[in-house]
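Trainee: Got a structure for you, written out below as structure tokens; questions coming shortly.
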Amino acid sequence: MPSSTPAATSGYYGRHIFFCLNERKNGEDSCAMHNAQEGFDRCKAKVKEAGLSGPGKVRVNKAGCLDRCAGGPVAVVYPEAVWYTFVDAEDIDEIVESHLKNGQVVERLVLPADVGR
């Protein structure tokens with residue numbers, strides 16, 4: 001396990017990444033309209049492929065609305081509370097390699113703090 005991964009003693013998993021997969025039925029913009037499911041699926045596969053999944057490591061989770069729709073699709077990594085936006089598989093790969101594996105925030109994908117719903 002890389003030294004940048006928080007110790008298992010701080011919780012069951014070292015890091016969680018939550019992907020908003022919310023779909024609004026009323027036609028309002030939502031993360032589901034921006035390939036959020038594909039991002040989630042890619043992240044889950046890459047984390048597993050890299051040997052990063054499991055207790056003390058990384059957990060990839062689905063989430064409902066995270067209330068930051070204007071930046072969608074969005075994902076958030078805890079315990080660091082870093083919010084990301086992404087557009088393609090390469091963005092997801094960079095988040096996995098840089099942040100989830102090596103503890104380095106991908107600054108170019110960080111969602112600005114003032115982006116909300």
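Numbering starts fresh at 1 for the residues of each chain in the structure tokens, the chains themselves are lettered A, B, ... in the order given, and ligands are numbered from 1 as they appear.
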Can you list every residue in segment 1-108 of chain A that DSSP puts in alpha helix (DSSP H), as an NGL selection string?
Mentor: :A and (36-49 or 89-94)
Trainee: Which neighbours of segment 88-99 of chain A fall inside 8 Å, counting only C-alpha atoms, when residues of the same chain fewer than 2 positions from it are skipped, and could you give them as an NGL selection string?
Mentor: :A and (39 or 42-43 or 46-47 or 86 or 101-106 or 109)
Trainee: Please run DSSP on the backbone and report, as number ranges by chain, all residues within chain A that come out as strand (DSSP E).
Mentor: A: 15-20, 58-63, 74-78, 82-85
Trainee: At what distance in Å, to one decimal, does atom CA of Ala50 of chain A lie from atom CA of Val87 of chain A?
Mentor: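 We find that atom CA of Val87 of chain A and atom CA of Ala50 of chain A lie 21.3 Å from each other.
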Trainee: Any idea what's packed within 8 Å of Leu21 of chain A, counting only C-alpha atoms, ignoring anything in its chain fewer than 4 positions away? Could you give it as an NGL selection string?
Mentor: :A and (31-32 or 36-37 or 62-65)
Trainee: Using only all heavy atoms, please write the residues we just selected to a file, as a compact mmCIF listing (two decimals), in the first residue's frame.
Mentor:
# COMPACT_ATOMS: atom_id res chain seq x y z
N CYS A 31 -25.91 14.93 -13.34
CA CYS A 31 -24.67 14.21 -13.63
C CYS A 31 -24.89 13.01 -14.54
O CYS A 31 -24.05 12.70 -15.38
CB CYS A 31 -23.99 13.80 -12.33
SG CYS A 31 -23.28 15.20 -11.43
N ALA A 32 -26.04 12.34 -14.40
CA ALA A 32 -26.32 11.18 -15.24
C ALA A 32 -26.33 11.55 -16.72
O ALA A 32 -26.01 10.72 -17.58
CB ALA A 32 -27.64 10.55 -14.84
N ALA A 36 -21.79 10.16 -16.13
CA ALA A 36 -21.32 9.85 -14.78
C ALA A 36 -21.17 8.35 -14.55
O ALA A 36 -20.21 7.92 -13.91
CB ALA A 36 -22.25 10.46 -13.74
N GLN A 37 -22.11 7.56 -15.08
CA GLN A 37 -22.03 6.11 -14.89
C GLN A 37 -20.77 5.54 -15.52
O GLN A 37 -20.10 4.68 -14.93
CB GLN A 37 -23.27 5.42 -15.47
CG GLN A 37 -23.28 3.91 -15.26
CD GLN A 37 -23.45 3.51 -13.80
OE1 GLN A 37 -24.39 3.95 -13.14
NE2 GLN A 37 -22.56 2.66 -13.29
N LYS A 62 -21.25 4.71 -5.42
CA LYS A 62 -22.28 5.48 -6.10
C LYS A 62 -22.91 6.42 -5.09
O LYS A 62 -23.02 6.08 -3.92
CB LYS A 62 -23.37 4.55 -6.63
CG LYS A 62 -22.90 3.55 -7.65
CD LYS A 62 -24.04 2.63 -8.05
CE LYS A 62 -23.56 1.59 -9.03
NZ LYS A 62 -24.63 0.68 -9.43
N ALA A 63 -23.35 7.57 -5.57
CA ALA A 63 -24.06 8.51 -4.71
C ALA A 63 -25.23 9.09 -5.48
O ALA A 63 -25.22 9.13 -6.72
CB ALA A 63 -23.13 9.65 -4.27
N GLY A 64 -26.22 9.53 -4.74
CA GLY A 64 -27.30 10.31 -5.32
C GLY A 64 -26.79 11.73 -5.50
O GLY A 64 -25.59 11.98 -5.53
N CYS A 65 -27.70 12.66 -5.59
CA CYS A 65 -27.32 14.05 -5.84
C CYS A 65 -26.38 14.57 -4.75
O CYS A 65 -26.64 14.44 -3.56
CB CYS A 65 -28.57 14.94 -5.90
SG CYS A 65 -28.17 16.64 -6.33
Trainee: Return the single residue from A:Pro112, A:Asp41, A:Lys48, A:Thr85 that is closest to Gly72 of chain A, with distances computed using only C-alpha atoms.
Mentor: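 Of the candidates, the smallest distance to Gly72 of chain A is held by A:Thr85.
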Trainee: Between A:Glu107, A:Asp67, A:Glu80, A:Glu49, single out the one closest to Ser30 of chain A, counting only C-alpha atoms.
Mentor: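 Closest residue, counting only C-alpha atoms: A:Asp67.
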Trainee: Hey, can you check how far atom CA of Met33 of chain A sits from atom CA of Arg15 of chain A?
Mentor: 26.2 Å
Trainee: Please report the interatomic distance between atom CA of Leu111 of chain A and atom CA of Gly71 of chain A in Å with one decimal.
Mentor: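 So the answer is 6.8 Å.
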Trainee: With distances taken over only C-alpha atoms, which residue among A:Phe40, A:Pro55, A:Leu100, A:Gly27 lies nearest Tyr78 of chain A?
Mentor: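 Distance minimum relative to Tyr78 of chain A lands on A:Leu100.
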Trainee: Taking only C-alpha atoms into account, name the residue in A:Ala113, A:Ile17, A:Val76, A:Cys69 that is nearest to Lys57 of chain A.
Mentor: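 Between A:Ala113, A:Ile17, A:Val76, A:Cys69, the residue approaching Lys57 of chain A most closely is A:Ile17.
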Trainee: Which one is closest to Asn22 of chain A: A:Trp83, A:Gly54, A:Asp114, A:His34? Count only C-alpha atoms.
Mentor: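 Using only C-alpha atoms, the shortest distance to Asn22 of chain A belongs to A:His34.
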